[in-house]
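Pasted below: data_5.tsv, TSV, C-alpha atoms.
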```
chain	number	residue	atom	x	y	z
A	1	MET	CA	-10.76	-9.51	-17.95
A	2	LEU	CA	-7.54	-9.80	-19.95
A	3	LEU	CA	-5.57	-11.05	-16.93
A	4	LEU	CA	-7.75	-14.17	-16.76
A	5	VAL	CA	-6.82	-15.42	-20.23
A	6	LEU	CA	-3.13	-14.48	-20.49
A	7	PRO	CA	-0.58	-17.27	-19.97
A	8	ALA	CA	0.80	-17.49	-16.46
A	9	LYS	CA	4.46	-17.14	-15.56
A	10	LYS	CA	6.00	-19.72	-13.26
A	11	THR	CA	7.57	-18.45	-10.04
A	12	ALA	CA	9.79	-20.57	-7.82
A	13	SER	CA	8.50	-20.50	-4.25
A	14	ASP	CA	9.95	-23.17	-2.02
A	15	SER	CA	10.93	-22.22	1.51
A	16	GLY	CA	12.30	-25.69	2.27
A	17	ASP	CA	12.95	-27.06	5.74
A	18	ASP	CA	16.66	-26.37	6.11
A	19	PRO	CA	17.26	-23.17	8.13
A	20	ALA	CA	20.69	-22.93	6.55
A	21	SER	CA	19.00	-22.19	3.21
A	22	PHE	CA	17.08	-19.22	4.56
A	23	PRO	CA	18.50	-15.81	3.58
A	24	GLU	CA	19.45	-13.21	6.17
A	25	VAL	CA	16.64	-10.69	6.63
A	26	THR	CA	16.40	-7.18	8.07
A	27	ILE	CA	12.95	-5.85	8.94
A	28	ILE	CA	12.66	-2.05	8.77
A	29	ILE	CA	9.86	-0.46	10.80
A	30	PRO	CA	9.34	3.30	10.28
A	31	ALA	CA	7.71	4.90	13.33
A	32	PHE	CA	6.44	8.27	14.45
A	33	ASN	CA	4.82	8.49	17.90
A	34	GLU	CA	3.90	4.80	17.97
A	35	GLU	CA	4.23	4.11	21.70
A	36	ASP	CA	0.85	2.33	21.80
A	37	VAL	CA	1.76	-0.34	19.24
A	38	ILE	CA	5.53	-0.52	18.71
A	39	ALA	CA	6.29	-3.05	21.48
A	40	GLU	CA	3.66	-5.49	20.22
A	41	THR	CA	4.88	-5.10	16.64
A	42	ILE	CA	8.52	-5.78	17.53
A	43	LYS	CA	7.59	-8.80	19.67
A	44	ASN	CA	5.52	-10.16	16.81
A	45	LYS	CA	8.53	-9.98	14.47
A	46	LEU	CA	10.92	-11.51	16.99
A	47	ASP	CA	8.54	-14.44	17.47
A	48	LEU	CA	8.20	-15.22	13.76
A	49	ASP	CA	8.98	-18.73	12.57
A	50	TYR	CA	12.41	-17.86	11.19
A	51	PRO	CA	16.01	-18.66	12.24
A	52	GLN	CA	16.86	-16.22	15.04
A	53	ASP	CA	20.42	-15.75	13.88
A	54	LYS	CA	19.21	-14.61	10.45
A	55	LEU	CA	16.71	-12.00	11.57
A	56	SER	CA	17.32	-8.40	12.65
A	57	ILE	CA	15.05	-5.39	13.14
A	58	ILE	CA	15.69	-1.69	12.57
A	59	VAL	CA	13.16	0.79	13.92
A	60	VAL	CA	13.48	4.23	12.33
A	61	SER	CA	11.99	6.76	14.71
A	62	ASP	CA	11.10	9.86	12.72
A	63	GLU	CA	11.89	12.27	15.57
A	64	SER	CA	9.15	10.72	17.71
A	65	MET	CA	8.03	12.92	20.59
A	66	ASP	CA	6.45	10.23	22.78
A	67	ASN	CA	7.96	7.11	24.41
A	68	THR	CA	8.57	5.23	21.15
A	69	ASP	CA	12.37	5.56	21.37
A	70	THR	CA	12.49	4.51	25.02
A	71	ILE	CA	10.38	1.43	24.37
A	72	VAL	CA	12.56	0.35	21.43
A	73	ASN	CA	15.79	0.96	23.34
A	74	ASP	CA	14.51	-1.10	26.28
A	75	ILE	CA	13.81	-4.02	23.94
A	76	ALA	CA	17.17	-3.58	22.20
A	77	ALA	CA	18.93	-3.75	25.59
A	78	THR	CA	17.69	-7.33	26.00
A	79	ASP	CA	17.82	-8.46	22.36
A	80	ASP	CA	20.71	-7.44	20.10
A	81	ARG	CA	18.65	-8.21	17.01
A	82	VAL	CA	16.79	-4.93	17.56
A	83	LYS	CA	18.26	-1.53	16.72
A	84	LEU	CA	16.91	2.01	16.90
A	85	ILE	CA	17.78	4.76	14.43
A	86	ARG	CA	16.48	8.23	15.26
A	87	GLN	CA	15.90	10.45	12.24
A	88	VAL	CA	16.42	14.12	13.07
A	89	PRO	CA	15.00	16.39	11.82
A	90	ARG	CA	11.76	14.68	10.91
A	91	GLU	CA	11.69	13.90	7.17
A	92	GLY	CA	8.99	11.24	6.74
A	93	LYS	CA	8.77	7.52	6.06
A	94	THR	CA	10.53	7.49	2.70
A	95	ALA	CA	13.58	9.34	4.00
A	96	GLY	CA	13.58	6.96	6.97
A	97	LEU	CA	13.74	3.95	4.66
A	98	ASN	CA	16.64	5.51	2.75
A	99	LEU	CA	18.46	6.09	6.05
A	100	ALA	CA	17.88	2.58	7.37
A	101	MET	CA	18.92	0.91	4.12
A	102	LYS	CA	22.39	2.38	4.53
A	103	GLN	CA	22.83	0.24	7.64
A	104	CYS	CA	21.48	-3.00	6.15
A	105	SER	CA	23.80	-5.79	5.05
A	106	SER	CA	21.31	-8.65	4.75
A	107	GLU	CA	20.37	-10.18	1.42
A	108	ILE	CA	16.67	-9.42	1.87
A	109	VAL	CA	15.03	-6.36	3.45
A	110	VAL	CA	11.42	-6.38	4.64
A	111	PHE	CA	9.27	-3.27	5.17
A	112	CYS	CA	6.68	-3.30	7.96
A	113	ASP	CA	4.31	-0.70	9.40
A	114	ALA	CA	4.50	0.13	13.09
A	115	ASN	CA	1.05	-1.40	13.69
A	116	GLY	CA	1.35	-4.42	11.39
A	117	ILE	CA	1.04	-7.93	12.85
A	118	TYR	CA	2.49	-10.78	10.75
A	119	ASP	CA	1.34	-14.37	10.62
A	120	ARG	CA	4.04	-16.60	12.13
A	121	GLY	CA	5.07	-18.00	8.76
A	122	ALA	CA	4.88	-14.73	6.81
A	123	LEU	CA	8.61	-14.15	6.66
A	124	GLN	CA	9.32	-17.62	5.33
A	125	GLN	CA	6.63	-17.16	2.70
A	126	LEU	CA	8.07	-13.81	1.58
A	127	THR	CA	11.68	-14.95	1.33
A	128	ALA	CA	10.79	-18.23	-0.42
A	129	VAL	CA	9.81	-16.39	-3.59
A	130	PHE	CA	13.32	-14.97	-3.98
A	131	LYS	CA	14.47	-18.44	-5.00
A	132	ASP	CA	13.40	-17.20	-8.43
A	133	PRO	CA	16.24	-14.97	-9.70
A	134	ASP	CA	13.79	-12.95	-11.81
A	135	VAL	CA	11.94	-11.75	-8.69
A	136	GLY	CA	13.19	-8.54	-7.12
A	137	TYR	CA	10.28	-7.57	-4.90
A	138	VAL	CA	7.60	-9.54	-3.07
A	139	THR	CA	4.42	-8.24	-1.47
A	140	GLY	CA	2.19	-10.19	0.88
A	141	LYS	CA	-1.50	-10.11	1.67
A	142	MET	CA	-2.92	-7.42	3.92
A	143	ILE	CA	-6.08	-8.25	5.83
A	144	TYR	CA	-7.90	-5.35	7.43
A	145	VAL	CA	-9.38	-6.25	10.81
A	146	ASN	CA	-12.72	-4.56	11.41
A	147	SER	CA	-14.35	-5.77	14.61
A	148	GLU	CA	-16.59	-2.74	15.03
A	149	GLY	CA	-18.76	-3.27	11.94
A	150	ASN	CA	-18.91	0.21	10.40
A	151	VAL	CA	-19.15	1.57	6.87
A	152	ILE	CA	-15.47	2.60	6.68
A	153	GLY	CA	-14.14	-0.71	7.97
A	154	ASP	CA	-16.43	-2.81	5.78
A	155	GLY	CA	-15.70	-0.67	2.72
A	156	CYS	CA	-11.96	-0.79	3.31
A	157	SER	CA	-12.02	-4.57	3.76
A	158	ALA	CA	-13.96	-5.03	0.53
A	159	TYR	CA	-11.54	-2.73	-1.29
A	160	MET	CA	-8.54	-4.77	-0.12
A	161	LYS	CA	-10.19	-8.04	-1.16
A	162	TYR	CA	-10.60	-6.61	-4.65
A	163	GLU	CA	-7.00	-5.39	-4.68
A	164	ASN	CA	-5.70	-8.78	-3.60
A	165	ILE	CA	-7.60	-10.52	-6.40
A	166	LEU	CA	-6.02	-8.15	-8.93
A	167	ARG	CA	-2.56	-8.69	-7.47
A	168	GLU	CA	-2.96	-12.45	-7.67
A	169	LEU	CA	-3.83	-12.20	-11.37
A	170	GLU	CA	-1.15	-9.60	-12.15
A	171	SER	CA	1.52	-11.66	-10.42
A	172	LYS	CA	0.70	-14.70	-12.52
A	173	VAL	CA	1.07	-12.96	-15.88
A	174	SER	CA	3.61	-10.20	-15.24
A	175	SER	CA	4.22	-8.00	-12.20
A	176	VAL	CA	2.10	-6.48	-9.46
A	177	VAL	CA	1.23	-2.80	-9.89
A	178	GLY	CA	1.57	-1.15	-6.49
A	179	VAL	CA	1.84	-2.77	-3.06
A	180	ASP	CA	0.73	-2.14	0.54
A	181	GLY	CA	4.07	-1.25	2.10
A	182	GLY	CA	3.38	-3.19	5.28
A	183	VAL	CA	4.35	-6.71	4.25
A	184	ASP	CA	6.92	-6.31	1.48
A	185	ALA	CA	10.44	-7.50	0.75
A	186	ILE	CA	13.18	-6.46	-1.67
A	187	ARG	CA	16.63	-7.67	-2.66
A	188	ARG	CA	18.88	-5.22	-0.86
A	189	GLU	CA	21.25	-4.87	-3.79
A	190	ILE	CA	18.58	-3.45	-6.11
A	191	TYR	CA	17.12	-0.90	-3.70
A	192	GLN	CA	17.28	2.62	-5.12
A	193	PRO	CA	16.86	5.68	-2.85
A	194	MET	CA	13.75	7.79	-3.33
A	195	ARG	CA	12.91	11.44	-2.76
A	196	SER	CA	11.24	12.08	0.58
A	197	ASP	CA	7.98	13.08	-1.15
A	198	GLN	CA	7.74	9.86	-3.17
A	199	LEU	CA	5.38	7.04	-2.20
A	200	PRO	CA	7.54	3.98	-1.47
A	201	ASP	CA	4.61	1.55	-1.84
A	202	PHE	CA	4.31	2.58	-5.48
A	203	VAL	CA	7.61	4.11	-6.59
A	204	LEU	CA	9.93	1.43	-5.20
A	205	PRO	CA	8.23	-1.50	-6.99
A	206	LEU	CA	8.26	0.57	-10.20
A	207	LYS	CA	12.00	1.13	-9.77
A	208	VAL	CA	12.44	-2.62	-9.39
A	209	ILE	CA	10.50	-3.28	-12.60
A	210	ARG	CA	12.55	-0.65	-14.41
A	211	GLN	CA	15.66	-2.68	-13.51
A	212	GLY	CA	14.21	-5.76	-15.21
A	213	TYR	CA	12.96	-7.68	-12.17
A	214	ARG	CA	9.45	-8.88	-11.39
A	215	VAL	CA	7.25	-7.76	-8.49
A	216	VAL	CA	5.33	-10.76	-7.16
A	217	TYR	CA	2.32	-11.21	-4.87
A	218	GLN	CA	2.56	-13.92	-2.20
A	219	SER	CA	-0.92	-14.54	-0.82
A	220	THR	CA	0.32	-16.81	1.97
A	221	ALA	CA	2.41	-14.05	3.61
A	222	LEU	CA	-0.27	-12.55	5.83
A	223	LEU	CA	-0.42	-9.19	7.61
A	224	LYS	CA	-3.25	-8.07	9.85
A	225	GLU	CA	-3.87	-4.38	10.36
A	226	LYS	CA	-6.79	-2.58	11.97
A	227	SER	CA	-8.88	-0.54	9.57
A	228	LEU	CA	-9.88	3.04	10.25
A	229	SER	CA	-13.33	3.72	11.64
A	230	ASN	CA	-14.13	7.32	10.76
A	231	SER	CA	-14.58	9.13	7.46
A	232	GLN	CA	-12.26	12.05	8.08
A	233	SER	CA	-9.23	9.87	8.79
A	234	GLU	CA	-9.94	7.56	5.86
A	235	PHE	CA	-10.52	10.44	3.45
A	236	SER	CA	-7.29	12.14	4.54
A	237	MET	CA	-5.32	8.91	4.14
A	238	ARG	CA	-6.79	8.15	0.71
A	239	ALA	CA	-6.24	11.73	-0.49
A	240	ARG	CA	-2.62	11.61	0.66
A	241	VAL	CA	-1.96	8.27	-1.01
A	242	SER	CA	-3.70	9.40	-4.21
A	243	LEU	CA	-1.67	12.60	-4.41
A	244	ARG	CA	1.59	10.73	-4.01
A	245	ALA	CA	0.39	8.15	-6.56
A	246	PHE	CA	-0.23	10.90	-9.13
A	247	TRP	CA	3.32	12.15	-8.58
A	248	ALA	CA	4.67	8.58	-8.77
A	249	MET	CA	3.04	8.02	-12.15
A	250	TRP	CA	4.42	11.35	-13.32
A	251	ASP	CA	7.93	10.56	-12.08
A	252	MET	CA	7.89	7.07	-13.62
A	253	LYS	CA	5.92	7.94	-16.76
A	254	GLU	CA	8.37	6.07	-19.01
A	255	LEU	CA	6.79	2.85	-17.72
A	256	PHE	CA	3.64	3.70	-19.68
A	257	ASN	CA	5.59	3.00	-22.89
A	258	PRO	CA	4.09	-0.25	-24.30
A	259	VAL	CA	7.04	-0.75	-26.65
A	260	ALA	CA	9.54	-0.93	-23.80
A	261	TYR	CA	7.40	-2.42	-21.02
A	262	ARG	CA	4.70	-4.24	-22.99
A	263	LEU	CA	2.04	-5.86	-20.80
A	264	PHE	CA	3.11	-4.05	-17.64
A	265	SER	CA	2.47	-0.67	-19.26
A	266	VAL	CA	-1.12	-1.81	-19.96
A	267	GLN	CA	-1.49	-2.98	-16.36
A	268	LEU	CA	-0.15	0.31	-15.03
A	269	PHE	CA	-2.54	2.26	-17.25
A	270	SER	CA	-5.63	0.22	-16.38
A	271	HIS	CA	-4.97	-0.58	-12.71
A	272	LYS	CA	-3.62	2.75	-11.56
A	273	LEU	CA	-4.13	5.58	-14.03
A	274	LEU	CA	-7.72	4.73	-14.89
A	275	ARG	CA	-8.57	3.98	-11.27
A	276	TYR	CA	-7.26	7.27	-9.93
A	277	PHE	CA	-9.09	9.13	-12.71
A	278	ALA	CA	-12.38	7.27	-12.17
A	279	PHE	CA	-13.82	10.42	-10.59
A	280	ALA	CA	-13.81	12.11	-14.02
A	281	PRO	CA	-16.40	9.85	-15.73
A	282	ILE	CA	-18.49	9.86	-12.54
A	283	ILE	CA	-18.77	13.64	-12.78
A	284	LEU	CA	-19.20	13.66	-16.57
A	285	VAL	CA	-21.96	11.02	-16.56
A	286	PHE	CA	-23.90	12.95	-13.93
A	287	LEU	CA	-23.60	16.22	-15.86
A	288	ALA	CA	-24.55	14.49	-19.12
A	289	SER	CA	-27.60	12.92	-17.51
A	290	LEU	CA	-28.72	16.33	-16.30
A	291	ALA	CA	-28.16	17.91	-19.70
A	292	LEU	CA	-30.02	15.15	-21.58
A	293	ILE	CA	-32.87	14.60	-19.13
A	294	GLY	CA	-35.44	15.78	-21.70
A	295	GLU	CA	-34.08	13.67	-24.55
A	296	GLY	CA	-35.49	10.32	-23.52
A	297	GLY	CA	-36.42	8.00	-20.67
A	298	ILE	CA	-33.02	6.34	-20.59
A	299	TYR	CA	-31.38	9.58	-19.50
A	300	LEU	CA	-33.98	10.14	-16.79
A	301	LEU	CA	-33.45	6.58	-15.56
A	302	ALA	CA	-29.68	7.10	-15.52
A	303	LEU	CA	-30.10	10.25	-13.45
A	304	VAL	CA	-32.48	8.57	-11.01
A	305	VAL	CA	-30.08	5.64	-10.48
A	306	GLN	CA	-27.21	8.02	-9.78
A	307	LEU	CA	-29.29	10.07	-7.35
A	308	VAL	CA	-30.28	6.89	-5.51
A	309	LEU	CA	-26.63	5.93	-5.17
A	310	TYR	CA	-25.77	9.40	-3.87
A	311	VAL	CA	-28.57	9.11	-1.31
A	312	VAL	CA	-27.24	5.72	-0.21
A	313	ALA	CA	-23.73	7.18	0.10
A	314	TRP	CA	-25.08	10.12	2.12
A	315	ASN	CA	-26.84	7.66	4.41
A	316	GLY	CA	-23.51	5.91	4.94
A	317	TYR	CA	-21.88	9.22	5.79
A	318	LYS	CA	-24.59	10.11	8.30
A	319	ASN	CA	-24.65	6.62	9.85
A	320	GLN	CA	-21.01	5.67	10.35
A	321	ASP	CA	-21.85	2.74	12.65
A	322	SER	CA	-24.10	1.02	10.13
A	323	ASN	CA	-23.20	-2.59	9.35
A	324	ASN	CA	-25.11	-2.65	6.06
A	325	ARG	CA	-22.54	-3.90	3.53
A	326	LEU	CA	-24.32	-2.43	0.51
A	327	VAL	CA	-24.33	1.02	2.10
A	328	ALA	CA	-20.69	0.56	3.07
A	329	LEU	CA	-19.62	-0.37	-0.47
A	330	VAL	CA	-21.46	2.53	-2.10
A	331	TYR	CA	-20.25	5.05	0.45
A	332	TYR	CA	-16.63	3.86	0.29
A	333	PHE	CA	-16.70	3.94	-3.52
A	334	PHE	CA	-17.65	7.61	-3.51
A	335	LEU	CA	-15.24	8.41	-0.67
A	336	ILE	CA	-12.15	7.08	-2.44
A	337	ASN	CA	-13.09	8.76	-5.70
A	338	ALA	CA	-13.74	12.07	-3.94
A	339	ALA	CA	-10.33	11.71	-2.31
A	340	ALA	CA	-8.74	11.07	-5.72
A	341	ALA	CA	-10.44	14.15	-7.19
A	342	TYR	CA	-9.22	16.27	-4.29
A	343	ALA	CA	-5.71	14.84	-4.70
A	344	PHE	CA	-5.66	15.56	-8.43
A	345	PHE	CA	-6.65	19.17	-7.77
A	346	ASN	CA	-3.66	19.43	-5.41
A	347	PHE	CA	-1.44	17.69	-7.96
A	348	LEU	CA	-2.33	20.32	-10.56
A	349	GLN	CA	-1.24	22.96	-8.05
A	350	GLY	CA	2.13	21.25	-7.61
A	351	LYS	CA	1.55	20.25	-3.99
A	352	LYS	CA	3.55	17.38	-2.50
A	353	ILE	CA	3.47	15.52	0.82
A	354	ALA	CA	6.39	14.00	2.72
A	355	LEU	CA	5.17	14.21	6.33
A	356	TRP	CA	1.91	13.26	8.00
A	357	LYS	CA	0.58	12.15	11.33
A	358	PRO	CA	-0.12	8.48	12.10
A	359	ARG	CA	-3.50	7.17	11.05
A	360	LEU	CA	-6.17	7.60	13.71
A	361	GLY	CA	-9.11	5.29	14.20
```
Starting from the file, give its structure as structure tokens.
Amino acid sequence: MLLLVLPAKKTASDSGDDPASFPEVTIIIPAFNEEDVIAETIKNKLDLDYPQDKLSIIVVSDESMDNTDTIVNDIAATDDRVKLIRQVPREGKTAGLNLAMKQCSSEIVVFCDANGIYDRGALQQLTAVFKDPDVGYVTGKMIYVNSEGNVIGDGCSAYMKYENILRELESKVSSVVGVDGGVDAIRREIYQPMRSDQLPDFVLPLKVIRQGYRVVYQSTALLKEKSLSNSQSEFSMRARVSLRAFWAMWDMKELFNPVAYRLFSVQLFSHKLLRYFAFAPIILVFLASLALIGEGGIYLLALVVQLVLYVVAWNGYKNQDSNNRLVALVYYFFLINAAAAYAFFNFLQGKKIALWKPRLG
């Protein structure tokens, strides 16, 4: 892999022990009908190992219809570091971030999901990297919690481990391509508003890179989030993310120019474009194997191997509670590529997504 042999860039990352040196931070939490998790998430952020007078929280309720607003307001009544903004009419997460950013004055802004639980030192680890003036955006490490032992949870966990390895390597040589959106921080002054249909986890870091800053991965800033446990929810989430990623790459296509963006353009091409189009060679190889089955044993073997993998994936689909990791990996591989193919079909039709319901387990 090219990333293993390229020279590493040095990034300053020293949180220090003096609270006076810590930057002021605002944590933005977009929420839609999150009454089951929002109180725990806010408490987790208030209890972080960070100077209390330098931490504030803005919850953007996207016209929630449950008790989310009431819960946040009750907490805000006892802690002035917490503030609720209600977005009406409902416009989605990206519009909510744009709205909340208008009311931020802190040097650093952190983005957190409504169900994300941070490690106590996560905020210090995120902000420490901004000691490097070349860094404009920092993403932490997401760990999916899967206590049930099912094919979706195991597959998702394996996928994130692979992603985190790539981010570690990308961060050392250039910039990270795409982030999680649940444990991320940006310099407030370089934030650029996005359209409501744009994927902030992908578009915002690209906007930062376009301004000449680096996007860095900080593996010690930990976030725990529960993985999904059923195929329908996971497929819907992956299809939605893939569709918005296709539009993000289209909107920011100038970043594919190797003359202007050099190594990062190669990373963007290989990490994102090739990954989201991986469904194409999967289909082509299968069709080619069928067409050439009478031309030699190698083609028959190739077809048999593919059919075995499809059978394994089907077994994973039919046995969602299986804790067989091999089955989970094969099934999840085909699930995310099927979701990407479905998303690309919608992309060709010009479809866009700005609103969706919270992820269900």
Any idea what's packed within 12 Å of Asn346 in chain A, counting all atoms listed in the file, ignoring anything in its chain fewer than 2 positions away? Could you give it as a short mmCIF file (atom, residue, chain, number, x, y, z; two decimals) with C-alpha atoms, in the coordinates of the input?
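Saved the output as part.cif:
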```cif
data_model
loop_
_atom_site.label_atom_id
_atom_site.label_comp_id
_atom_site.auth_asym_id
_atom_site.auth_seq_id
_atom_site.Cartn_x
_atom_site.Cartn_y
_atom_site.Cartn_z
CA ALA A 239 -6.24 11.73 -0.49
CA ARG A 240 -2.62 11.61 0.66
CA SER A 242 -3.70 9.40 -4.21
CA LEU A 243 -1.67 12.60 -4.41
CA ARG A 244 1.59 10.73 -4.01
CA PHE A 246 -0.23 10.90 -9.13
CA TRP A 247 3.32 12.15 -8.58
CA ALA A 339 -10.33 11.71 -2.31
CA ALA A 340 -8.74 11.07 -5.72
CA ALA A 341 -10.44 14.15 -7.19
CA TYR A 342 -9.22 16.27 -4.29
CA ALA A 343 -5.71 14.84 -4.70
CA PHE A 344 -5.66 15.56 -8.43
CA LEU A 348 -2.33 20.32 -10.56
CA GLN A 349 -1.24 22.96 -8.05
CA GLY A 350 2.13 21.25 -7.61
CA LYS A 351 1.55 20.25 -3.99
CA LYS A 352 3.55 17.38 -2.50
CA ILE A 353 3.47 15.52 0.82
#
```
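In this comparison, which uses all atoms listed in the file, the residue of A:Leu300, A:Gln211, A:Phe202, A:Val216 approaching Lys172 in chain A most closely is A:Val216.
Rounded to one decimal, CA of Tyr137 in chain A and CA of Ala185 in chain A lie 5.7 Å from each other.
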_Neighbouring residues of Val82 in chain A were defined as those with any atom within 7 Å, considering all atoms listed in the file; residues of the same chain fewer than 4 positions away were excluded. Please report them as a PyMOL selection string._
chain A and resi 56-58+76
*Quick one: of A:Val25, A:Leu123, A:Val177, A:Asn44, who's nearest to Ser270 in chain A, counting only C-alpha atoms?*
A:Val177
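In this comparison, which uses all atoms listed in the file, the residue of A:Phe32, A:Tyr317, A:Tyr118, A:Phe269 approaching Leu48 in chain A most closely is A:Tyr118.
Distances to Phe334 in chain A were evaluated for A:Leu273, A:Val138, A:Asp251, A:Arg238 using all atoms listed in the file, and the minimum falls at A:Arg238.
Comparing the minimum interatomic distances between Pro193 in chain A and each of A:Phe111, A:Tyr162, A:Gly96, A:Ala122, counting only C-alpha atoms, we find that A:Gly96 sits nearest.
With distances restricted to only C-alpha atoms, A:Ile336 is the closest residue to Arg275 in chain A from A:Ile336, A:Ile38, A:Leu55, A:Leu263.
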If you count only C-alpha atoms, which residues fall within 10 Å of Leu99 in chain A, apart from same-chain ones fewer than 6 positions away, as a tab-separated table (two decimals) with C-alpha atoms, in the coordinates of the input?
```tsv
chain	number	residue	atom	x	y	z
A	60	VAL	CA	13.48	4.23	12.33
A	85	ILE	CA	17.78	4.76	14.43
A	86	ARG	CA	16.48	8.23	15.26
A	87	GLN	CA	15.90	10.45	12.24
A	93	LYS	CA	8.77	7.52	6.06
A	193	PRO	CA	16.86	5.68	-2.85
```
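Picture a line from CA of Cys112 in chain A to CA of Ile28 in chain A; it runs 6.2 Å.
You will find CA of Glu63 in chain A at 5.2 Å from CA of Arg90 in chain A.
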*Near-Lys54 in chain A list (10 Å; only C-alpha atoms; drop same-chain fewer than 4 positions) as a ChimeraX atom specification*: /A:19-20,22-26,50,81,106
Using the incomplete input, complete range 311-325 of chain A to the level of N, CA, C and O atoms; output as a PDB file, keeping the file's coordinate frame.
```pdb
ATOM      1  N   VAL A 311     -27.798   9.141  -2.551  1.00  0.00           N
ATOM      2  CA  VAL A 311     -28.570   9.110  -1.310  1.00  0.00           C
ATOM      3  C   VAL A 311     -28.068   7.992  -0.396  1.00  0.00           C
ATOM      4  O   VAL A 311     -27.931   8.170   0.825  1.00  0.00           O
ATOM      5  N   VAL A 312     -27.775   6.836  -0.984  1.00  0.00           N
ATOM      6  CA  VAL A 312     -27.240   5.720  -0.210  1.00  0.00           C
ATOM      7  C   VAL A 312     -25.889   6.096   0.397  1.00  0.00           C
ATOM      8  O   VAL A 312     -25.614   5.819   1.572  1.00  0.00           O
ATOM      9  N   ALA A 313     -25.037   6.756  -0.394  1.00  0.00           N
ATOM     10  CA  ALA A 313     -23.730   7.180   0.100  1.00  0.00           C
ATOM     11  C   ALA A 313     -23.890   8.201   1.232  1.00  0.00           C
ATOM     12  O   ALA A 313     -23.168   8.143   2.237  1.00  0.00           O
ATOM     13  N   TRP A 314     -24.832   9.115   1.071  1.00  0.00           N
ATOM     14  CA  TRP A 314     -25.080  10.120   2.120  1.00  0.00           C
ATOM     15  C   TRP A 314     -25.568   9.446   3.396  1.00  0.00           C
ATOM     16  O   TRP A 314     -25.176   9.829   4.497  1.00  0.00           O
ATOM     17  N   ASN A 315     -26.379   8.421   3.246  1.00  0.00           N
ATOM     18  CA  ASN A 315     -26.840   7.660   4.410  1.00  0.00           C
ATOM     19  C   ASN A 315     -25.668   7.003   5.129  1.00  0.00           C
ATOM     20  O   ASN A 315     -25.618   6.958   6.360  1.00  0.00           O
ATOM     21  N   GLY A 316     -24.706   6.501   4.336  1.00  0.00           N
ATOM     22  CA  GLY A 316     -23.510   5.910   4.940  1.00  0.00           C
ATOM     23  C   GLY A 316     -22.696   6.942   5.696  1.00  0.00           C
ATOM     24  O   GLY A 316     -22.146   6.667   6.766  1.00  0.00           O
ATOM     25  N   TYR A 317     -22.622   8.137   5.136  1.00  0.00           N
ATOM     26  CA  TYR A 317     -21.880   9.220   5.790  1.00  0.00           C
ATOM     27  C   TYR A 317     -22.536   9.621   7.110  1.00  0.00           C
ATOM     28  O   TYR A 317     -21.862   9.861   8.104  1.00  0.00           O
ATOM     29  N   LYS A 318     -23.866   9.675   7.109  1.00  0.00           N
ATOM     30  CA  LYS A 318     -24.590  10.110   8.300  1.00  0.00           C
ATOM     31  C   LYS A 318     -24.700   9.002   9.351  1.00  0.00           C
ATOM     32  O   LYS A 318     -24.939   9.276  10.529  1.00  0.00           O
ATOM     33  N   ASN A 319     -24.526   7.744   8.925  1.00  0.00           N
ATOM     34  CA  ASN A 319     -24.650   6.620   9.850  1.00  0.00           C
ATOM     35  C   ASN A 319     -23.372   5.783   9.810  1.00  0.00           C
ATOM     36  O   ASN A 319     -23.344   4.689   9.231  1.00  0.00           O
ATOM     37  N   GLN A 320     -22.322   6.307  10.413  1.00  0.00           N
ATOM     38  CA  GLN A 320     -21.010   5.670  10.350  1.00  0.00           C
ATOM     39  C   GLN A 320     -20.968   4.285  10.994  1.00  0.00           C
ATOM     40  O   GLN A 320     -20.143   3.453  10.637  1.00  0.00           O
ATOM     41  N   ASP A 321     -21.878   4.022  11.939  1.00  0.00           N
ATOM     42  CA  ASP A 321     -21.850   2.740  12.650  1.00  0.00           C
ATOM     43  C   ASP A 321     -22.726   1.680  11.985  1.00  0.00           C
ATOM     44  O   ASP A 321     -22.892   0.597  12.524  1.00  0.00           O
ATOM     45  N   SER A 322     -23.261   1.994  10.829  1.00  0.00           N
ATOM     46  CA  SER A 322     -24.100   1.020  10.130  1.00  0.00           C
ATOM     47  C   SER A 322     -23.273  -0.187   9.702  1.00  0.00           C
ATOM     48  O   SER A 322     -22.120  -0.063   9.300  1.00  0.00           O
ATOM     49  N   ASN A 323     -23.883  -1.374   9.809  1.00  0.00           N
ATOM     50  CA  ASN A 323     -23.200  -2.590   9.350  1.00  0.00           C
ATOM     51  C   ASN A 323     -23.829  -3.140   8.077  1.00  0.00           C
ATOM     52  O   ASN A 323     -23.672  -4.316   7.748  1.00  0.00           O
ATOM     53  N   ASN A 324     -24.530  -2.274   7.345  1.00  0.00           N
ATOM     54  CA  ASN A 324     -25.110  -2.650   6.060  1.00  0.00           C
ATOM     55  C   ASN A 324     -24.010  -2.630   4.997  1.00  0.00           C
ATOM     56  O   ASN A 324     -23.464  -1.587   4.662  1.00  0.00           O
ATOM     57  N   ARG A 325     -23.681  -3.792   4.452  1.00  0.00           N
ATOM     58  CA  ARG A 325     -22.540  -3.900   3.530  1.00  0.00           C
ATOM     59  C   ARG A 325     -22.784  -3.157   2.221  1.00  0.00           C
ATOM     60  O   ARG A 325     -21.852  -2.603   1.637  1.00  0.00           O
TER      61      ARG A 325
END
```
